[in-house]
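As stored in target33.txt (compact mmCIF, C-alpha atoms):
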```txt
# COMPACT_ATOMS: atom_id res chain seq x y z
CA MET A 1 15.82 0.07 23.95
CA SER A 2 12.03 0.31 24.10
CA PRO A 3 9.91 -2.37 22.39
CA MET A 4 8.61 0.15 19.90
CA SER A 5 12.03 1.40 18.90
CA PRO A 6 13.75 -0.05 15.84
CA SER A 7 16.97 -1.94 16.07
CA PRO A 8 20.11 0.03 15.18
CA SER A 9 20.08 -1.56 11.73
CA SER A 10 16.38 -1.24 10.92
CA LEU A 11 16.64 2.46 10.15
CA SER A 12 20.28 2.21 9.22
CA ARG A 13 21.75 5.49 8.09
CA ARG A 14 18.37 6.87 7.05
CA THR A 15 18.40 10.00 9.09
CA PHE A 16 21.50 11.94 8.17
CA LEU A 17 19.27 14.96 8.05
CA THR A 18 19.08 18.50 9.21
CA ALA A 19 16.35 20.35 10.99
CA THR A 20 15.18 21.79 7.68
CA GLY A 21 11.56 21.01 8.23
CA ALA A 22 11.76 21.35 11.97
CA ILE A 23 12.47 25.02 11.76
CA GLY A 24 10.47 25.76 8.68
CA ALA A 25 13.21 26.22 6.10
CA VAL A 26 13.74 24.35 2.87
CA ALA A 27 16.19 26.39 0.83
CA LEU A 28 19.57 25.11 1.87
CA THR A 29 22.73 26.99 0.99
CA ALA A 30 26.24 26.23 2.03
CA CYS A 31 29.87 26.86 1.21
CA SER A 32 30.85 24.92 -1.88
CA GLU A 33 34.39 24.40 -0.71
CA LEU A 34 36.28 24.12 2.55
CA THR A 35 36.32 27.37 4.41
CA PRO A 36 39.54 29.01 5.62
CA GLY A 37 41.10 28.00 8.89
CA ALA A 38 41.25 24.23 8.45
CA SER A 39 42.68 22.38 11.41
CA SER A 40 46.27 21.28 10.96
CA SER A 41 45.95 18.39 13.40
CA ASP A 42 43.33 15.78 14.17
CA LYS A 43 42.25 16.03 17.82
CA SER A 44 39.53 13.45 17.32
CA SER A 45 38.86 10.71 19.82
CA THR A 46 41.01 7.88 18.48
CA GLY A 47 41.57 5.97 21.72
CA PRO A 48 39.59 4.99 24.82
CA VAL A 49 37.83 7.91 26.47
CA SER A 50 36.12 8.41 29.80
CA THR A 51 32.42 9.07 30.29
CA ALA A 52 33.13 10.93 33.52
CA VAL A 53 31.78 14.47 33.23
CA PRO A 54 34.45 17.04 34.19
CA ALA A 55 33.97 18.45 37.69
CA ASP A 56 35.84 21.69 37.04
CA LYS A 57 34.02 24.90 36.23
CA ILE A 58 33.95 25.11 32.45
CA THR A 59 31.97 26.85 29.74
CA LEU A 60 30.41 25.22 26.70
CA VAL A 61 29.52 27.42 23.75
CA VAL A 62 26.70 26.01 21.62
CA ALA A 63 25.77 27.35 18.16
CA ASP A 64 22.37 26.47 16.75
CA ALA A 65 19.49 27.62 14.58
CA ASP A 66 16.69 25.72 16.33
CA ASP A 67 13.81 28.17 16.77
CA THR A 68 11.73 25.68 18.77
CA THR A 69 11.96 25.18 22.53
CA MET A 70 13.99 21.98 22.20
CA THR A 71 17.61 23.14 22.09
CA PRO A 72 17.28 25.82 24.79
CA GLY A 73 15.29 23.36 26.89
CA LEU A 74 17.95 20.65 26.57
CA LEU A 75 20.71 23.11 27.40
CA ALA A 76 18.86 24.32 30.50
CA ALA A 77 18.22 20.75 31.69
CA PHE A 78 21.86 19.78 31.09
CA ARG A 79 23.05 22.84 32.97
CA ALA A 80 20.77 21.98 35.91
CA LYS A 81 22.22 18.48 36.02
CA HIS A 82 25.79 19.76 35.86
CA PRO A 83 25.92 23.11 37.74
CA ASN A 84 29.66 23.41 37.18
CA ILE A 85 29.11 23.72 33.43
CA THR A 86 28.08 27.11 32.12
CA VAL A 87 26.36 26.96 28.75
CA LYS A 88 26.45 29.93 26.39
CA ARG A 89 24.05 29.63 23.51
CA GLN A 90 24.78 31.32 20.17
CA TYR A 91 21.46 31.25 18.36
CA THR A 92 21.36 32.40 14.73
CA GLY A 93 18.37 32.49 12.38
CA TRP A 94 18.26 29.63 9.91
CA ASP A 95 19.24 31.47 6.73
CA ASP A 96 22.13 33.29 8.39
CA TYR A 97 23.22 30.11 10.16
CA LEU A 98 23.48 28.25 6.87
CA LYS A 99 25.55 31.04 5.37
CA SER A 100 27.92 31.44 8.31
CA ILE A 101 28.32 28.16 10.19
CA ASN A 102 31.21 26.81 8.11
CA THR A 103 33.15 30.01 8.67
CA THR A 104 32.17 29.99 12.35
CA MET A 105 33.48 26.45 12.78
CA SER A 106 36.70 27.34 10.97
CA ALA A 107 37.57 30.18 13.35
CA ASP A 108 39.90 29.80 16.32
CA SER A 109 36.94 30.82 18.48
CA ALA A 110 34.72 28.04 17.13
CA PRO A 111 31.87 26.96 19.45
CA ASP A 112 32.28 23.68 21.30
CA ILE A 113 29.03 22.26 19.94
CA ALA A 114 27.12 23.14 16.78
CA GLN A 115 23.85 22.04 15.25
CA PHE A 116 24.81 20.01 12.21
CA THR A 117 23.29 21.14 8.91
CA SER A 118 23.69 20.25 5.27
CA GLY A 119 26.90 21.77 3.95
CA MET A 120 28.89 21.20 7.12
CA GLN A 121 30.23 17.99 5.59
CA ASN A 122 32.60 20.38 3.82
CA LEU A 123 34.35 20.77 7.19
CA VAL A 124 35.33 17.11 7.32
CA PRO A 125 38.37 17.17 4.98
CA GLY A 126 39.88 20.00 7.03
CA ARG A 127 39.41 18.05 10.26
CA LEU A 128 37.32 20.83 11.77
CA LEU A 129 34.77 18.45 13.27
CA LEU A 130 35.64 16.07 16.08
CA LYS A 131 35.43 12.36 15.36
CA VAL A 132 33.42 11.11 18.32
CA GLY A 133 33.50 7.40 17.62
CA GLU A 134 35.28 6.51 20.85
CA TYR A 135 32.75 8.50 22.86
CA GLY A 136 30.02 6.66 20.98
CA LYS A 137 31.51 3.33 22.01
CA ALA A 138 32.01 4.41 25.61
CA TYR A 139 28.47 5.75 26.00
CA GLY A 140 26.79 3.03 23.93
CA TRP A 141 25.21 5.38 21.41
CA ALA A 142 24.39 2.57 18.98
CA GLU A 143 21.74 1.46 21.48
CA LYS A 144 20.78 4.86 22.85
CA PHE A 145 20.00 6.41 19.47
CA PRO A 146 17.93 3.73 17.72
CA GLY A 147 16.34 5.11 14.58
CA LEU A 148 17.93 8.52 15.06
CA ASP A 149 21.08 7.46 13.38
CA GLN A 150 24.49 8.85 14.02
CA ILE A 151 26.21 11.07 11.48
CA THR A 152 28.94 9.10 9.72
CA LEU A 153 30.90 10.52 6.81
CA THR A 154 33.74 9.47 4.55
CA PRO A 155 37.02 11.45 4.77
CA ASP A 156 36.01 13.67 1.85
CA GLY A 157 32.63 14.37 3.47
CA LYS A 158 30.71 13.44 0.34
CA THR A 159 29.25 10.06 1.28
CA VAL A 160 26.95 9.46 4.21
CA GLY A 161 26.40 6.30 6.20
CA THR A 162 29.97 5.06 6.25
CA GLY A 163 33.24 6.35 7.68
CA ASP A 164 33.81 8.18 10.95
CA LEU A 165 31.23 9.25 13.52
CA TYR A 166 30.72 13.00 13.92
CA GLY A 167 27.45 13.51 15.77
CA VAL A 168 24.09 12.30 17.02
CA GLY A 169 20.53 13.60 16.98
CA ALA A 170 18.38 14.87 19.80
CA GLY A 171 14.94 15.00 18.21
CA LEU A 172 13.29 13.68 15.09
CA SER A 173 10.84 15.27 12.71
CA PHE A 174 8.77 13.40 10.15
CA GLU A 175 6.06 14.26 7.65
CA GLY A 176 2.44 13.25 7.30
CA VAL A 177 -1.04 14.57 6.52
CA TYR A 178 -2.94 17.01 8.71
CA TYR A 179 -6.64 17.46 8.08
CA ASN A 180 -9.60 19.47 9.28
CA LYS A 181 -11.87 16.90 10.94
CA ALA A 182 -14.92 19.15 10.89
CA LYS A 183 -14.66 19.81 7.15
CA ALA A 184 -13.94 16.16 6.43
CA ARG A 185 -17.18 15.20 8.23
CA GLU A 186 -19.17 17.88 6.43
CA LEU A 187 -17.87 16.68 3.06
CA GLY A 188 -18.37 13.00 3.87
CA LEU A 189 -14.67 12.19 3.56
CA THR A 190 -13.58 8.89 5.08
CA THR A 191 -10.22 9.06 6.79
CA PRO A 192 -7.60 7.78 6.93
CA PRO A 193 -7.31 6.69 3.29
CA ALA A 194 -5.75 3.26 2.75
CA THR A 195 -3.84 4.18 -0.41
CA LEU A 196 -2.46 7.17 -2.26
CA ALA A 197 -5.22 6.77 -4.83
CA GLU A 198 -7.81 7.06 -2.07
CA LEU A 199 -6.11 10.19 -0.77
CA GLU A 200 -6.25 11.75 -4.22
CA ALA A 201 -9.93 10.84 -4.43
CA LEU A 202 -10.49 12.76 -1.18
CA PHE A 203 -8.72 15.75 -2.75
CA ALA A 204 -11.09 15.55 -5.72
CA LYS A 205 -14.18 15.52 -3.46
CA ALA A 206 -12.90 18.49 -1.47
CA LYS A 207 -12.19 20.44 -4.65
CA ALA A 208 -15.66 19.62 -6.03
CA ALA A 209 -17.15 21.05 -2.83
CA GLY A 210 -15.34 24.35 -3.39
CA GLU A 211 -12.59 23.79 -0.85
CA THR A 212 -8.82 24.03 -1.25
CA ALA A 213 -8.00 20.36 -0.94
CA LEU A 214 -4.29 20.64 -0.17
CA VAL A 215 -2.99 23.82 1.46
CA ALA A 216 0.59 24.46 0.37
CA GLY A 217 3.15 27.20 -0.26
CA ASN A 218 6.04 26.98 -2.72
CA LEU A 219 7.59 30.44 -2.59
CA ASP A 220 10.46 28.88 -0.64
CA GLY A 221 10.07 25.36 -1.98
CA GLY A 222 7.41 24.08 0.40
CA LEU A 223 6.11 21.63 -2.18
CA ASN A 224 9.17 19.59 -1.27
CA HIS A 225 7.01 18.15 1.52
CA PRO A 226 4.44 16.38 -0.68
CA PHE A 227 7.12 15.53 -3.23
CA ASN A 228 9.37 13.97 -0.61
CA VAL A 229 6.61 11.82 0.86
CA LEU A 230 5.51 10.77 -2.63
CA LEU A 231 9.09 9.70 -3.29
CA SER A 232 9.03 7.78 -0.01
CA ALA A 233 5.93 5.94 -1.18
CA TYR A 234 7.09 5.17 -4.71
CA LEU A 235 10.88 4.77 -4.57
CA THR A 236 12.55 1.76 -3.01
CA PRO A 237 14.52 2.63 0.14
CA LYS A 238 17.65 1.36 -1.60
CA ASP A 239 17.34 3.80 -4.51
CA ARG A 240 16.23 6.66 -2.28
CA GLU A 241 19.11 6.29 0.15
CA ALA A 242 21.77 5.72 -2.52
CA TRP A 243 20.93 9.10 -4.03
CA ALA A 244 20.42 11.00 -0.78
CA PHE A 245 23.63 9.64 0.71
CA GLY A 246 25.82 10.49 -2.27
CA HIS A 247 26.65 7.03 -3.56
CA GLN A 248 28.54 6.88 -6.83
CA SER A 249 26.39 6.26 -9.94
CA ALA A 250 23.15 6.84 -8.02
CA THR A 251 20.33 8.49 -9.94
CA ILE A 252 16.94 10.02 -9.30
CA VAL A 253 15.98 9.76 -12.97
CA LEU A 254 13.88 6.67 -12.29
CA PRO A 255 10.34 5.64 -13.34
CA GLU A 256 9.14 5.73 -9.72
CA ALA A 257 10.50 9.25 -9.20
CA LYS A 258 8.81 10.32 -12.42
CA THR A 259 5.53 8.96 -11.08
CA ALA A 260 6.00 10.99 -7.89
CA ALA A 261 6.67 14.17 -9.89
CA GLU A 262 3.73 13.50 -12.21
CA THR A 263 1.44 12.94 -9.22
CA LEU A 264 2.41 16.25 -7.63
CA LEU A 265 1.98 18.09 -10.93
CA ARG A 266 -1.42 16.47 -11.45
CA TRP A 267 -2.55 17.67 -8.03
CA VAL A 268 -1.59 21.21 -8.99
CA ASP A 269 -3.08 21.05 -12.50
CA LYS A 270 -6.39 19.68 -11.21
CA GLY A 271 -6.69 22.58 -8.80
CA TYR A 272 -6.34 20.60 -5.59
CA VAL A 273 -3.45 22.75 -4.35
CA THR A 274 -3.52 26.34 -3.07
CA PRO A 275 -3.93 28.71 -6.06
CA LYS A 276 -0.78 30.58 -7.14
CA VAL A 277 1.19 28.27 -4.87
CA ASN A 278 4.54 29.67 -6.04
CA GLY A 279 3.66 32.98 -4.41
CA VAL A 280 2.84 31.58 -0.96
CA SER A 281 5.48 30.74 1.65
CA ASP A 282 5.51 27.42 3.47
CA ASN A 283 5.04 29.08 6.87
CA ASP A 284 2.11 31.13 5.58
CA ALA A 285 0.51 27.93 4.29
CA THR A 286 0.69 26.38 7.76
CA ALA A 287 -0.73 29.55 9.31
CA ALA A 288 -3.61 29.61 6.81
CA PHE A 289 -4.45 25.97 7.44
CA ALA A 290 -4.36 26.53 11.20
CA LYS A 291 -6.89 29.34 10.73
CA GLY A 292 -9.29 26.98 8.97
CA GLU A 293 -8.36 27.30 5.30
CA GLY A 294 -8.61 24.14 3.22
CA VAL A 295 -9.00 20.51 4.22
CA PHE A 296 -5.58 18.86 4.08
CA ARG A 297 -1.97 19.92 4.66
CA ILE A 298 1.14 17.77 4.12
CA SER A 299 3.82 18.91 6.53
CA GLY A 300 5.92 17.71 9.44
CA ASN A 301 5.35 17.21 13.14
CA TRP A 302 6.98 20.62 13.67
CA ALA A 303 3.65 22.08 12.50
CA ALA A 304 1.58 20.14 15.04
CA ALA A 305 1.65 22.78 17.78
CA ALA A 306 0.46 25.56 15.46
CA VAL A 307 -2.22 23.39 13.88
CA ALA A 308 -3.46 22.17 17.27
CA LYS A 309 -3.60 25.72 18.63
CA GLY A 310 -5.48 26.99 15.61
CA LEU A 311 -7.93 24.17 14.94
CA GLY A 312 -8.30 22.68 18.40
CA GLU A 313 -10.51 19.60 18.35
CA ARG A 314 -10.94 19.99 14.60
CA ALA A 315 -7.27 19.08 14.03
CA GLY A 316 -6.50 15.57 12.80
CA TYR A 317 -3.50 13.69 11.50
CA PHE A 318 -2.73 10.47 9.63
CA ASN A 319 0.39 9.04 8.01
CA MET A 320 0.88 9.33 4.26
CA PRO A 321 -0.74 6.16 2.93
CA PRO A 322 1.19 3.60 0.85
CA VAL A 323 0.65 2.92 -2.84
CA THR A 324 -0.90 -0.47 -2.09
CA ALA A 325 -3.36 -1.09 0.73
CA GLY A 326 -1.66 -2.84 3.61
CA GLY A 327 1.80 -1.85 2.43
CA LYS A 328 4.48 -0.56 4.76
CA VAL A 329 4.18 3.08 5.72
CA ARG A 330 7.11 5.20 4.55
CA THR A 331 7.67 8.89 5.01
CA THR A 332 10.34 11.55 5.02
CA GLY A 333 11.98 12.93 8.14
CA ALA A 334 14.69 15.09 9.61
CA GLY A 335 16.64 15.24 12.82
CA VAL A 336 18.19 18.03 14.87
CA TYR A 337 21.80 16.87 15.17
CA TYR A 338 24.72 18.12 17.21
CA CYS A 339 28.43 17.81 16.45
CA VAL A 340 31.58 18.89 18.28
CA SER A 341 34.36 21.20 17.12
CA SER A 342 37.81 19.62 16.81
CA LYS A 343 39.09 22.83 18.43
CA SER A 344 37.03 22.38 21.58
CA LYS A 345 39.00 22.25 24.82
CA ASN A 346 35.99 20.68 26.52
CA ALA A 347 35.33 17.65 24.33
CA ALA A 348 34.41 15.40 27.27
CA ALA A 349 31.73 17.83 28.46
CA ALA A 350 30.48 18.30 24.90
CA ALA A 351 30.21 14.52 24.49
CA ALA A 352 28.30 14.37 27.78
CA PHE A 353 25.73 16.78 26.35
CA LEU A 354 25.35 14.62 23.22
CA ASP A 355 24.78 11.62 25.46
CA PHE A 356 22.30 13.58 27.59
CA ALA A 357 20.15 14.07 24.48
CA ALA A 358 19.22 10.38 24.65
CA SER A 359 18.15 10.42 28.30
CA ALA A 360 14.62 10.09 29.65
CA GLN A 361 14.93 13.60 31.09
CA ALA A 362 15.75 14.94 27.65
CA ALA A 363 12.85 12.99 26.10
CA ALA A 364 10.34 15.07 28.05
CA VAL A 365 11.92 18.28 26.74
CA THR A 366 12.05 16.92 23.20
CA ALA A 367 8.41 15.79 23.24
CA LYS A 368 7.21 19.13 24.63
CA ALA A 369 8.85 20.83 21.66
CA GLY A 370 6.93 18.59 19.27
CA PHE A 371 9.81 16.30 18.32
CA MET A 372 10.17 12.54 18.63
CA ALA A 373 12.79 11.50 21.18
CA PRO A 374 15.60 8.99 20.47
CA ASP A 375 14.00 6.69 23.04
CA ALA A 376 10.37 6.59 21.94
CA GLY A 377 9.40 4.67 25.07
CA ALA A 378 10.56 7.53 27.29
CA MET A 379 8.23 10.07 25.70
CA PRO A 380 5.30 11.15 27.85
CA SER A 381 1.88 10.18 26.49
CA GLN A 382 0.02 12.99 24.74
CA THR A 383 -3.59 13.50 23.73
CA GLY A 384 -5.38 15.22 20.88
CA LEU A 385 -3.46 16.04 17.74
CA LEU A 386 -0.06 15.55 19.40
CA GLY A 387 -1.21 12.10 20.48
CA ASP A 388 -2.25 11.30 16.90
CA VAL A 389 1.15 12.41 15.64
CA GLN A 390 2.93 10.31 18.26
CA ALA A 391 0.86 7.27 17.27
CA GLY A 392 1.75 7.90 13.64
CA TRP A 393 5.43 7.90 14.57
CA GLN A 394 5.09 4.52 16.26
CA THR A 395 3.72 3.05 13.03
CA ILE A 396 6.62 4.48 11.06
CA VAL A 397 9.06 3.05 13.59
CA LYS A 398 7.40 -0.36 13.33
CA ASP A 399 7.66 -0.33 9.53
CA ALA A 400 11.22 1.08 9.56
CA GLY A 401 9.73 3.65 7.22
CA LEU A 402 11.79 6.79 7.70
CA GLN A 403 13.52 8.12 4.59
CA PRO A 404 15.85 11.11 4.12
CA PHE A 405 14.94 14.46 2.64
CA ILE A 406 16.52 14.39 -0.80
CA GLN A 407 17.63 18.03 -0.53
CA ASN A 408 19.56 17.66 2.69
CA SER A 409 22.44 15.33 2.01
CA SER A 410 23.05 14.56 -1.63
CA THR A 411 24.80 17.91 -2.36
CA PRO A 412 25.25 21.19 -0.45
CA THR A 413 23.28 23.03 -3.15
CA MET A 414 20.43 20.58 -3.64
CA GLY A 415 18.05 22.61 -1.47
CA ASP A 416 18.23 25.60 -3.79
CA THR A 417 18.09 23.37 -6.85
CA LEU A 418 15.00 21.53 -5.62
CA THR A 419 13.23 24.79 -4.80
CA THR A 420 13.94 26.19 -8.25
CA GLN A 421 12.97 23.00 -10.04
CA LEU A 422 9.73 22.65 -8.08
CA GLN A 423 8.76 26.20 -8.99
CA LEU A 424 9.49 25.48 -12.65
CA LEU A 425 7.59 22.19 -12.54
CA VAL A 426 4.35 23.51 -11.04
CA GLY A 427 4.68 26.70 -13.07
CA GLY A 428 4.54 24.66 -16.26
CA LYS A 429 8.08 25.59 -17.30
CA VAL A 430 9.59 22.09 -17.23
CA THR A 431 8.27 18.56 -17.64
CA PRO A 432 8.63 15.93 -14.91
CA GLU A 433 11.49 14.44 -16.94
CA LYS A 434 13.36 17.75 -17.10
CA PHE A 435 12.58 18.42 -13.45
CA LEU A 436 14.35 15.22 -12.42
CA ALA A 437 17.16 15.84 -14.90
CA GLY A 438 17.80 19.20 -13.25
CA LEU A 439 18.16 17.53 -9.86
CA GLN A 440 20.45 14.88 -11.32
CA THR A 441 22.69 17.49 -12.96
CA ASP A 442 23.32 19.12 -9.57
CA TYR A 443 24.09 15.69 -8.11
CA GLU A 444 26.55 14.74 -10.82
CA ASN A 445 28.31 18.11 -10.75
CA TYR A 446 29.06 17.56 -7.07
CA HIS A 447 29.88 13.87 -7.10
CA LYS A 448 31.77 13.59 -10.37
```
Target encoding structure tokens, full file:
Amino acid sequence: MSPMSPSPSSLSRRTFLTATGAIGAVALTACSELTPGASSSDKSSTGPVSTAVPADKITLVVADADDTTMTPGLLAAFRAKHPNITVKRQYTGWDDYLKSINTTMSADSAPDIAQFTSGMQNLVPGRLLLKVGEYGKAYGWAEKFPGLDQITLTPDGKTVGTGDLYGVGAGLSFEGVYYNKAKARELGLTTPPATLAELEALFAKAKAAGETALVAGNLDGGLNHPFNVLLSAYLTPKDREAWAFGHQSATIVLPEAKTAAETLLRWVDKGYVTPKVNGVSDNDATAAFAKGEGVFRISGNWAAAAVAKGLGERAGYFNMPPVTAGGKVRTTGAGVYYCVSSKSKNAAAAAAFLDFAASAQAAAVTAKAGFMAPDAGAMPSQTGLLGDVQAGWQTIVKDAGLQPFIQNSSTPTMGDTLTTQLQLLVGGKVTPEKFLAGLQTDYENYHK
């Protein structure tokens, strides 16, 4: 474990997350009930297993929706290390993947490995995902994946952070603030701000100078990015995680969450945010910012490559500041996770790939794709904007500040609900109180 990596408990269970941000999607949809074809027997690893990689010629089929270079890069590197293993990748676009993956994993021809997304917890009661706890013990995943926590779920699949182990993550995404250094200098803006109030003051100065202070797009719910990081700043980790992880009696109807919603709405009402934000997509907002529009953009490290390419030396980054100066830095993040089918005939090889994701060799691939590797110390040093992002990650690691996207784990339909409610909120159709109540109704309908 590198010195800059958190202990296994310091980010405990905080990253049961999907690659929502990492591949530019926020509207999550999933089957609301177990799909046909449930496994009639549990093939999960319930006894000691070997970490020896099979020497026979075998084929691993991998299903994913990762449109970055990370997954194909990891598969190619794994294949080079194990020439006897042929890897067939089944890539599907994000929206179609979300709609089809539960059915895909229920089929007799299910892939050996699949990228885990919100909604796939519905596969747990039917024993369609392999419990990999024994592989985790054999490989020592508790130490190899510090801060990129393992996916653990209760038998009904509804509660995260306890129960059996089903998968691990290969790369982490997290959110922060990008800014145009040249415009900030021209406007006399001092960065980074020490508090959220100071950040809002910078927005006001940018707006007064005729600039779009915060470039955003909410056609597909992209305002979830500022809302999530505001929640990270205001909510206690205990309250945030209880709700995101599906704990009984958890609620998001809290004063701190109301403050987060009111802050976001105030930014819109004061004209700091892109005009007609509900008609602009999240990807288009990133593209516009990369072309020089506006001064600030709250997004994830998945946007770093595009922003760096577009703005060059003008591109800057800092972490979302805390409420109080000197407070711990907290943000929202997501991981690209992999799980194994209970129908796989090559579970040992599949587990070897999951373990490979934590290697130093894999870290280079992960970093090149713009993600943070499980072993932060194994990541190659980077300069410019990517270096700033990497430094920001180290601060978050130090403060154990990673928090889950609220739309990714509390219910399979929360992504759609959050998108709708955000559009209503900034469109003046609901109050912050009713906005939160709408989220809570979805939560209670699922967890009752």
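Counting from atom CA of Asp269 of chain A, the distance to atom CA of Glu175 of chain A is 23.1 Å.
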Given only C-alpha atoms as the counted atoms, nearest of A:Val307, A:Phe296, A:Tyr139, A:Ser281 to Leu214 of chain A: A:Phe296
Selection near segment 50-65 of chain A, 7 Å with only C-alpha atoms, sequence-local residues under 2 positions removed, as JSON, numbers by chain: {"A": [48, 67, 84, 85, 86, 87, 88, 89, 90, 91, 92, 93, 94, 97, 111, 112, 113, 114, 115, 138, 139, 348, 349, 352]}
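Comparing the minimum interatomic distances between Ala194 of chain A and each of A:Ala325, A:Ala206, A:Ala400, A:Ala378, counting only C-alpha atoms, we find that A:Ala325 sits nearest.
Using all atoms listed in the file, the smallest distance between any of A:Pro322, A:Gly133, A:Gly271, A:Gly171 and Ala233 of chain A comes from A:Pro322.
Atom CA of Phe371 of chain A is positioned 26.1 Å from atom CA of Pro83 of chain A.
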Exercise: residues within 12 Å of coordinate (31.6, 27.2, 10.9), counting all atoms listed in the file, as a PyMOL selection string: chain A and resi 30-31+34-38+62-64+96-124+126+128-129+339-343
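Closest approach to Tyr179 of chain A from the set A:Asp416, A:Glu200, A:Asp156, A:Glu293 is made by A:Glu293, with distances taken over all atoms listed in the file.
Between atom CA of Pro192 of chain A and atom CA of Asn301 of chain A there is a distance of 17.2 Å.
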Answer as a ChimeraX atom specification, residues within 12 Å of (-8.2, 10.1, 4.6) using only C-alpha atoms: /A:176-181,183-185,187-203,205-206,213,295-297,316-321
Please save C-alpha atoms of the selected residues as a tab-separated table (two decimals), in the coordinates of the input.
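Saved result, selection_36.tsv, follows:
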```tsv
chain	number	residue	atom	x	y	z
A	176	GLY	CA	2.44	13.25	7.30
A	177	VAL	CA	-1.04	14.57	6.52
A	178	TYR	CA	-2.94	17.01	8.71
A	179	TYR	CA	-6.64	17.46	8.08
A	180	ASN	CA	-9.60	19.47	9.28
A	181	LYS	CA	-11.87	16.90	10.94
A	183	LYS	CA	-14.66	19.81	7.15
A	184	ALA	CA	-13.94	16.16	6.43
A	185	ARG	CA	-17.18	15.20	8.23
A	187	LEU	CA	-17.87	16.68	3.06
A	188	GLY	CA	-18.37	13.00	3.87
A	189	LEU	CA	-14.67	12.19	3.56
A	190	THR	CA	-13.58	8.89	5.08
A	191	THR	CA	-10.22	9.06	6.79
A	192	PRO	CA	-7.60	7.78	6.93
A	193	PRO	CA	-7.31	6.69	3.29
A	194	ALA	CA	-5.75	3.26	2.75
A	195	THR	CA	-3.84	4.18	-0.41
A	196	LEU	CA	-2.46	7.17	-2.26
A	197	ALA	CA	-5.22	6.77	-4.83
A	198	GLU	CA	-7.81	7.06	-2.07
A	199	LEU	CA	-6.11	10.19	-0.77
A	200	GLU	CA	-6.25	11.75	-4.22
A	201	ALA	CA	-9.93	10.84	-4.43
A	202	LEU	CA	-10.49	12.76	-1.18
A	203	PHE	CA	-8.72	15.75	-2.75
A	205	LYS	CA	-14.18	15.52	-3.46
A	206	ALA	CA	-12.90	18.49	-1.47
A	213	ALA	CA	-8.00	20.36	-0.94
A	295	VAL	CA	-9.00	20.51	4.22
A	296	PHE	CA	-5.58	18.86	4.08
A	297	ARG	CA	-1.97	19.92	4.66
A	316	GLY	CA	-6.50	15.57	12.80
A	317	TYR	CA	-3.50	13.69	11.50
A	318	PHE	CA	-2.73	10.47	9.63
A	319	ASN	CA	0.39	9.04	8.01
A	320	MET	CA	0.88	9.33	4.26
A	321	PRO	CA	-0.74	6.16	2.93
```
